[in-house]
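Following: one structure in structure tokens, then a few remarks.
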Number of protein chains: 4
Amino acid sequence: MAEPRILVAGASGYAGALAARLIWRHPGLALAAITSRSDAGTRLDALYPHHRVPLELEELDLDRHADVDGAIVAYPHGASAPVVAGLRARGVKVVDLSADFRLADLEEYERWYGEHGAPSLLEEAVYGLPELRRDEIRDSSLVAGPGCYPTAAILALAPLARAGLIADVVIDAKSGVSGAGRAPTSKTHFVSVDENVTPYGIGRHRHMPEIDQELGALGMEDVVAAFTPHLLPLDQGELVSCYVTTAAPVDQAEVDAAFARDYADEPFIELTTVAPGVRDVRDTNVCRIHARADERTGKVFVFAAIDNLWKGTSSQAVQSLNLMFGLDETAGIA
Amino acid sequence: MAEPRILVAGASGYAGALAARLIWRHPGLALAAITSRSDAGTRLDALYPHHRVPLELEELDLDRHADVDGAIVAYPHGASAPVVAGLRARGVKVVDLSADFRLADLEEYERWYGEHGAPSLLEEAVYGLPELRRDEIRDSSLVAGPGCYPTAAILALAPLARAGLIADVVIDAKSGVSGAGRAPTSKTHFVSVDENVTPYGIGRHRHMPEIDQELGALGMEDVVAAFTPHLLPLDQGELVSCYVTTAAPVDQAEVDAAFARDYADEPFIELTTVAPGVRDVRDTNVCRIHARADERTGKVFVFAAIDNLWKGTSSQAVQSLNLMFGLDETAGIA
Amino acid sequence: MAEPRILVAGASGYAGALAARLIWRHPGLALAAITSRSDAGTRLDALYPHHRVPLELEELDLDRHADVDGAIVAYPHGASAPVVAGLRARGVKVVDLSADFRLADLEEYERWYGEHGAPSLLEEAVYGLPELRRDEIRDSSLVAGPGCYPTAAILALAPLARAGLIADVVIDAKSGVSGAGRAPTSKTHFVSVDENVTPYGIGRHRHMPEIDQELGALGMEDVVAAFTPHLLPLDQGELVSCYVTTAAPVDQAEVDAAFARDYADEPFIELTTVAPGVRDVRDTNVCRIHARADERTGKVFVFAAIDNLWKGTSSQAVQSLNLMFGLDETAGIA
Amino acid sequence: MAEPRILVAGASGYAGALAARLIWRHPGLALAAITSRSDAGTRLDALYPHHRVPLELEELDLDRHADVDGAIVAYPHGASAPVVAGLRARGVKVVDLSADFRLADLEEYERWYGEHGAPSLLEEAVYGLPELRRDEIRDSSLVAGPGCYPTAAILALAPLARAGLIADVVIDAKSGVSGAGRAPTSKTHFVSVDENVTPYGIGRHRHMPEIDQELGALGMEDVVAAFTPHLLPLDQGELVSCYVTTAAPVDQAEVDAAFARDYADEPFIELTTVAPGVRDVRDTNVCRIHARADERTGKVFVFAAIDNLWKGTSSQAVQSLNLMFGLDETAGIA
């Protein structure tokens with residue numbers, strides 16, 4: 001069988017460029033074309049030498065570019081929905097990296113992001129966290145790639161949510177600067193970030209509803225997670241530190257059992273007995289998790305580290321594509 | 001009146017060296033001598049050119065060096081107590097930077113640090129956070145410089161503790177590497193820290209009892225703070241992110257009032273309406289605090305930034321010395 | 001006598017903001033006003049909390065703002081000349097931080113920068129490197145603050161140029177990102193700089209003619225210095241590594257004598273026997289120099305470290321102001 | 001045919017650990033064992049989680065471990081020679097990462113490193129830079145992996161040396177901290193390196209004789225390269241900036257022709273028209289080179305970027321192993 005041919009739309013941003021690189025070197029997928037709204041005419045290896053993808057970015061033209069089997073769409077929120085709709089109308093399987101199809105509830109979407117560009121597609125979209133929704137993704141033609149923070153936070157907390165143990169939770173997240181995207185701003189200026197750490201999006205970060213939606217689906221009830229991200233002087237990597245007030249006392253053995261039950265066979269989850277660091281997972285699709293029943297406070301602490309651009313975005317999208325096209329889930333990302 | 005003459009014992013470490021620099025340039029204190037156990041015979045400006053203190057480090061000899069009015073002792077925990085005892089026996093006013101005199105309860109000290117070297121001095125020691133214990137410090141001859149994390153955490157939470165509002169609290173702390181001290185270890189190796197963030201001391205960091213002691217003294221009852229520090233790729237700076245479950249609902253106006261009441265006249269506390277970053281306070285004695293009543297979760301979030309070596313250690317020690325010697329509290333550190 | 005009143009025009013950039021801070025805390029100068037083309041109406045401490053200058057930025061209005069004794073103008077090249085002309089016409093003594101008055105030769109200026117906005121002022125301008133032109137600066141009313149790279153390079157090479165020893169020279173310069181200014185660009189994006197080092201301006205950096213002009217004035221003849229700057233992942237600091245092919249063999253004693261003769265009494269130059277680092281001079285007006293006669297190659301190596309924003313720009317401007325107003329040269333910057 | 005079985009001796013250091021990872025994932029080589037003098041009994045993925053090599057480090061026992069086809073030896077200079085001798089005596093093909101077999105001239109070796117542990121092997125050793133000595137490496141059983149700086153410097157300058165163009169050369173090198181190895185020292189402490197840049201090994205770095213030896217072999221005569229390395233705040237990556245005084249005037253076309261002639265078909269060399277950065281080559285075996293005939297000075301500037309741990313050390317060793325075992329030269333490292 002011929003390799004599925006994949007389009008990457010929006011390949012000049014960090015996420016799209018990495019997706020293009022991963023498809024370019026993928027043993028079972030072929031990179032059909034890469035497009036960009038801002039950099040058409042430029043070769044991707046001129047923008048990102050280290051990805052070594054010797055293809056030219058083109059203007060997206062659905063009549064031409066929809067002649068593919070699958071697509072990763074890396075557009076900003078809002079701009080993505082119409083492109084996804086166009087691709088879906090032409091039968092293309094899509095993994096969308098924007099927030100446009102992450103929230104099942106249209107009202108909730110509009111509360112955080114404004115009007116939705118393709119609400120009729122919401123029903124068919126699957127939240128693309130393979131460790132939680134593997135079978136749904138396999139059967140889906142439209143996958144919403146999770147936010148980077150929700151990827152780490154949900155993986156960190158899912159076993160406790162499933163066990164009905166979360167009575168309250170504080171999620172303190174730390175991210176490298178690549179999560180803020182390629183646009184140069186005063187926030188991403190080297191001099192602003194270097195030798196600094198700051199919280200941001202306090203009380204109103206758009207990744208909040210995803211976390212509550214997915215943990216709620218697993219059984220976390222009547223809890224609004226307190227989530228605060230912080231910007232750190234590093235490029236790639238994300239650590240979430242989760243502090244769970246439990247519904248009932250739990251000891252380390254119960255915690256270990258809950259995580260082993262959910263994750264022992266997961267190819268991309270590493271349970272550790274030591275504190276994880278983001279260096280441990282850089283440039284990988286791995287989520288590294290350490291869970292601890294803390295005797296002093298009675299809480300459960302869970303620390304999860306991912307690479308925000310890889311497991312948090314682009315390699316996780318490839319993981320979903322692998323499932324959607326019946327390939328080995330780890331192909332091209334192990 | 002002659003300027004009080006000050007000894008800095010243990011001046012070859014980060015904290016002691018900075019203390020020496022601050023005294024050396026102080027308009028109202030004179031640097032009498034600097035000592036070191038490991039680097040006697042070396043000039044301080046050879047070890048730390050940027051401090052520009054052109055004095056030679058000597059072996060500590062109490063018979064000779066106790067001929068001063070005051071001392072800052074920057075020894076490791078355990079090693080400090082006997083030196084402090086020797087200085088106190090000779091009538092020298094001391095600010096001790098170790099943990100040896102921070103915990104009023106001897107048993108609690110021994111639980112975290114082992115045997116105490118001068119337990120009889122515990123009673124006269126004052127916890128050296130001027131914003132909380134200004135008058136006591138002024139009247140004291142032995143001040144225990146707070147830990148860097150407790151400095152930030154206690155200042156962040158004191159107004160809520162005093163108001164009886166803390167029903168539960170999670171403190172997620174982030175620190176630069178200078179907090180780990182000058183000794184080269186695998187943890188402080190550039191390659192270990194760079195592009196990384198890791199939690200450490202999970203569930204058992206020695207700064208915990210200080211935080212509970214001081215917040216307890218202000219009115220926080222039956223709460224064990226969950227405290228977890230993280231190591232960040234920066235040199236100086238500490239941010240504590242505090243997530244408070246309140247005993248009763250509070251709104252932003254009440255939060256603002258509580259912080260204004262406690263801190264409006266404090267020379268070294270800045271209350272901000274924006275998120276603080278550690279760059280804002282680098283090389284200063286300032287603690288910058290942002291407190292927010294979060295409607296979504298009902299919690300109060302407090303973020304406090306300090307320079308761990310300055311307000312977290314050495315400049316705060318000078319702030320105490322200023323009080324102990326009747327000088328302007330801001331002299332030499334504003 | 002009343003303190004001279006100083007205007008800082010263009011105080012919202014890195015250089016102008018630091019100049020404002022230095023004047024604000026200066027014991028002998030008063031900060032009369034701060035202006036900005038882009039941020040008028042904003043307080044400077046909102047843009048730069050760590051400078052702690054609680055003044056509002058205003059639109060420059062020469063009719064109002066020229067009522068001062070002196071000014072530091074921190075405008076881009078080209079934009080600066082007319083403002084400087086306006087201030088000079090009103091009798092204000094000016095230190096200009098742009099390149100507009102650095103090159104004595106109008107043609108040379110126009111070759112590198114385009115048309116000049118106030119050529120008639122070139123004659124009265126003095127190149128503001130106090131270690132070279134102290135007396136001229138003292139008598140001048142218009143000082144051109146040197147570029148940051150030329151500051152370090154000229155100080156590194158002046159003793160050898162004066163001694164007629166430079167037959168050829170390679171200057172490899174390394175700078176932190178603040179030298180690129182406050183504007184966010186793809187070059188100053190954290191992710192571009194972090195874990196990276198790149199040469200730039202190869203063969204055509206605008207600081208070249210200054211270096212040749214000043215070393216030529218000291219006696220370097222028929223030599224075009226090879227100068228290449230590199231961008232490093234740090235915020236402040238500049239190191240120049242100079243490799244001099246000498247006109248005649250020299251040994252270490254001759255090198256030491258040449259540097260001692262020129263710099264032994266300079267308050268802001270430190271001659272070292274060890275390799276200098278930019279950390280040693282961060283946030284200071286110091287230039288730290290290490291010169292070595294290399295037996296293996298017969299060359300002389302000179303390494304000089306400065307803080308590009310301080311000695312390389314703003315504190316050096318204050319050093320000139322001190323001279324121009326008859327103050328202690330080190331006032332406010334020691 | 002069975003895959004050649006490879007031993008990595010000294011796998012707990014940065015270079016050996018990376019070599020182990022590359023062999024572990026290599027499509028044509030099998031990792032037989034990994035040894036360590038300091039960490040025997042520890043699993044490599046406990047020391048280096050990101051390498052994901054789930055093997056235990058053992059004490060080296062030649063009687064047991066020499067039962068392999070090839071070995072990479074990553075021992076310190078001096079300690080390596082006897083181990084290499086033992087492996088060679090048992091017929092094992094070796095790539096040695098130390099300096100012990102890099103210098104053909106025993107006296108020269110002893111001048112820089114002291115007594116040699118296996119001088120009789122010098123004759124059979126080949127300097128392992130495949131772009132220069134591909135055929136010799138293919139036929140060799142003992143390859144001396146080049147130093148990281150020489151790798152970049154020699155590749156940068158070889159085309160000019162071959163063309164007889166180098167009359168004089170200054171090499172200013174910049175390296176990340178991993179080049180200093182895993183041992184924690186005051187030089188590798190995060191606080192020493194961060195926000196800093198310093199030259200080191202001025203006039204006496206051990207990589208000098210390699211550079212002169214190899215460029216001399218290519219035709220550079222009567223020139224002693226001026227080489228100075230600098231330590232930068234980044235983990236992996238090395239940039240050499242080479243300033244060549246040419247024996248005769250050359251223009252850009254001649255420079256381009258020289259580099260194209262030597263490198264057009266090289267799989268791991270990228271000739272660029274823009275300035276290279278070390279980010280472009282991170283975690284790759286690529287050397288990226290930009291050569292420029294500078295009209296202003298008449299010199300030729302060459303900038304070359306490598307990853308010091310990859311092309312500078314471990315992946316280059318695998319490149320040699322590929323040649324020695326008749327595999328595709330790019331296997332496992334492309």
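As shown in the structure tokens, the chain order sets the letters A, B, ...; within each chain, residues go from 1, and ligands are also counted from 1 in the order they appear.
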
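Excluding segment 47-51 of chain C and any residue on its chain fewer than 4 positions from it, the residues at most 8 Å away by only C-alpha atoms are Arg279, Asp280, Val281 and Arg282 of chain B; Ser12, Ala17, Leu18, Arg21, Thr42 and Arg43 of chain C.
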
Since we have the selection now, will you write its residues out, keeping N, CA and C atoms, as a PDB file, in the first residue's frame?
```pdb
ATOM      1  N   ARG B 279      13.321  39.270  37.781  1.00  0.00           N
ATOM      2  CA  ARG B 279      14.164  40.342  37.211  1.00  0.00           C
ATOM      3  C   ARG B 279      13.869  41.688  37.857  1.00  0.00           C
ATOM      4  N   ASP B 280      12.622  41.886  38.275  1.00  0.00           N
ATOM      5  CA  ASP B 280      12.212  43.173  38.843  1.00  0.00           C
ATOM      6  C   ASP B 280      12.912  43.473  40.168  1.00  0.00           C
ATOM      7  N   VAL B 281      13.425  42.439  40.813  1.00  0.00           N
ATOM      8  CA  VAL B 281      13.976  42.622  42.158  1.00  0.00           C
ATOM      9  C   VAL B 281      15.436  42.197  42.261  1.00  0.00           C
ATOM     10  N   ARG B 282      16.033  41.855  41.135  1.00  0.00           N
ATOM     11  CA  ARG B 282      17.418  41.382  41.148  1.00  0.00           C
ATOM     12  C   ARG B 282      18.349  42.406  41.798  1.00  0.00           C
TER      13      ARG B 282
ATOM     14  N   SER C  12      12.849  55.378  26.844  1.00  0.00           N
ATOM     15  CA  SER C  12      12.130  54.098  26.910  1.00  0.00           C
ATOM     16  C   SER C  12      12.921  52.935  26.329  1.00  0.00           C
ATOM     17  N   ALA C  17      16.767  54.340  29.352  1.00  0.00           N
ATOM     18  CA  ALA C  17      16.188  54.010  30.653  1.00  0.00           C
ATOM     19  C   ALA C  17      17.272  53.873  31.708  1.00  0.00           C
ATOM     20  N   LEU C  18      18.365  53.229  31.339  1.00  0.00           N
ATOM     21  CA  LEU C  18      19.458  53.094  32.304  1.00  0.00           C
ATOM     22  C   LEU C  18      20.078  54.460  32.601  1.00  0.00           C
ATOM     23  N   ARG C  21      17.927  56.132  35.100  1.00  0.00           N
ATOM     24  CA  ARG C  21      18.139  55.585  36.437  1.00  0.00           C
ATOM     25  C   ARG C  21      19.409  56.134  37.068  1.00  0.00           C
ATOM     26  N   THR C  42       3.452  56.811  29.864  1.00  0.00           N
ATOM     27  CA  THR C  42       3.727  55.652  30.727  1.00  0.00           C
ATOM     28  C   THR C  42       4.796  56.022  31.742  1.00  0.00           C
ATOM     29  N   ARG C  43       4.673  55.486  32.941  1.00  0.00           N
ATOM     30  CA  ARG C  43       5.742  55.698  33.909  1.00  0.00           C
ATOM     31  C   ARG C  43       6.910  54.770  33.603  1.00  0.00           C
TER      32      ARG C  43
END
```

May I ask you to extract the residues of chain B within 12 Å of chain D, using only C-alpha atoms, and to give them as a ChimeraX atom specification? /B:14,47-50,176-196,231-236

Just list as a ChimeraX atom specification whatever in segment 234-264 of chain D DSSP marks as helix (DSSP H, G or I). /D:252-263

If you keep all heavy atoms, can you produce a file of those selected residues as a short mmCIF file (atom, residue, chain, number, x, y, z; two decimals), in the first residue's frame?
```cif
data_model
loop_
_atom_site.label_atom_id
_atom_site.label_comp_id
_atom_site.auth_asym_id
_atom_site.auth_seq_id
_atom_site.Cartn_x
_atom_site.Cartn_y
_atom_site.Cartn_z
N GLN D 252 35.69 35.98 -3.62
CA GLN D 252 34.67 35.07 -3.12
C GLN D 252 34.52 33.85 -4.04
O GLN D 252 34.30 32.73 -3.56
CB GLN D 252 33.33 35.81 -3.00
CG GLN D 252 32.23 35.01 -2.33
CD GLN D 252 32.55 34.72 -0.86
OE1 GLN D 252 33.04 35.59 -0.14
NE2 GLN D 252 32.29 33.51 -0.41
N ALA D 253 34.65 34.05 -5.31
CA ALA D 253 34.49 32.91 -6.23
C ALA D 253 35.54 31.84 -5.98
O ALA D 253 35.24 30.64 -5.96
CB ALA D 253 34.57 33.41 -7.68
N GLU D 254 36.76 32.28 -5.74
CA GLU D 254 37.81 31.30 -5.45
C GLU D 254 37.56 30.57 -4.12
O GLU D 254 37.79 29.37 -3.99
CB GLU D 254 39.17 32.00 -5.40
CG GLU D 254 39.65 32.52 -6.75
CD GLU D 254 40.84 33.46 -6.61
OE1 GLU D 254 40.61 34.68 -6.36
OE2 GLU D 254 41.97 32.98 -6.72
N VAL D 255 37.11 31.34 -3.16
CA VAL D 255 36.79 30.71 -1.86
C VAL D 255 35.68 29.70 -2.04
O VAL D 255 35.77 28.55 -1.59
CB VAL D 255 36.40 31.80 -0.84
CG1 VAL D 255 35.81 31.17 0.41
CG2 VAL D 255 37.61 32.65 -0.49
N ASP D 256 34.63 30.10 -2.72
CA ASP D 256 33.52 29.18 -2.93
C ASP D 256 33.97 27.92 -3.66
O ASP D 256 33.57 26.80 -3.33
CB ASP D 256 32.42 29.87 -3.75
CG ASP D 256 31.68 30.93 -2.93
OD1 ASP D 256 31.84 30.93 -1.68
OD2 ASP D 256 30.97 31.75 -3.52
N ALA D 257 34.82 28.12 -4.65
CA ALA D 257 35.28 26.97 -5.43
C ALA D 257 36.08 26.00 -4.56
O ALA D 257 35.92 24.78 -4.64
CB ALA D 257 36.13 27.44 -6.61
N ALA D 258 36.92 26.56 -3.71
CA ALA D 258 37.74 25.69 -2.85
C ALA D 258 36.89 24.85 -1.92
O ALA D 258 37.11 23.65 -1.74
CB ALA D 258 38.73 26.55 -2.05
N PHE D 259 35.89 25.49 -1.34
CA PHE D 259 35.05 24.74 -0.41
C PHE D 259 34.14 23.75 -1.15
O PHE D 259 33.91 22.64 -0.66
CB PHE D 259 34.24 25.71 0.47
CG PHE D 259 35.05 26.26 1.61
CD1 PHE D 259 35.90 27.34 1.43
CD2 PHE D 259 35.01 25.66 2.86
CE1 PHE D 259 36.68 27.83 2.48
CE2 PHE D 259 35.78 26.13 3.91
CZ PHE D 259 36.62 27.22 3.72
N ALA D 260 33.64 24.15 -2.29
CA ALA D 260 32.78 23.23 -3.04
C ALA D 260 33.58 22.01 -3.49
O ALA D 260 33.10 20.88 -3.44
CB ALA D 260 32.17 23.95 -4.25
N ARG D 261 34.79 22.25 -3.94
CA ARG D 261 35.63 21.15 -4.41
C ARG D 261 35.82 20.11 -3.30
O ARG D 261 35.70 18.91 -3.52
CB ARG D 261 36.99 21.72 -4.82
CG ARG D 261 37.92 20.73 -5.51
CD ARG D 261 39.11 21.47 -6.13
NE ARG D 261 39.70 22.40 -5.18
CZ ARG D 261 39.95 23.70 -5.42
NH1 ARG D 261 39.67 24.24 -6.59
NH2 ARG D 261 40.48 24.47 -4.48
N ASP D 262 36.07 20.57 -2.10
CA ASP D 262 36.34 19.62 -1.03
C ASP D 262 35.07 19.02 -0.43
O ASP D 262 35.09 17.90 0.06
CB ASP D 262 37.12 20.32 0.10
CG ASP D 262 38.58 20.51 -0.26
OD1 ASP D 262 38.95 20.25 -1.43
OD2 ASP D 262 39.36 20.93 0.62
N TYR D 263 34.00 19.81 -0.41
CA TYR D 263 32.89 19.40 0.43
C TYR D 263 31.56 19.15 -0.28
O TYR D 263 30.58 18.78 0.37
CB TYR D 263 32.67 20.46 1.53
CG TYR D 263 33.80 20.55 2.53
CD1 TYR D 263 34.16 21.77 3.09
CD2 TYR D 263 34.48 19.41 2.97
CE1 TYR D 263 35.18 21.87 4.04
CE2 TYR D 263 35.50 19.50 3.90
CZ TYR D 263 35.84 20.73 4.44
OH TYR D 263 36.84 20.80 5.37
#
```
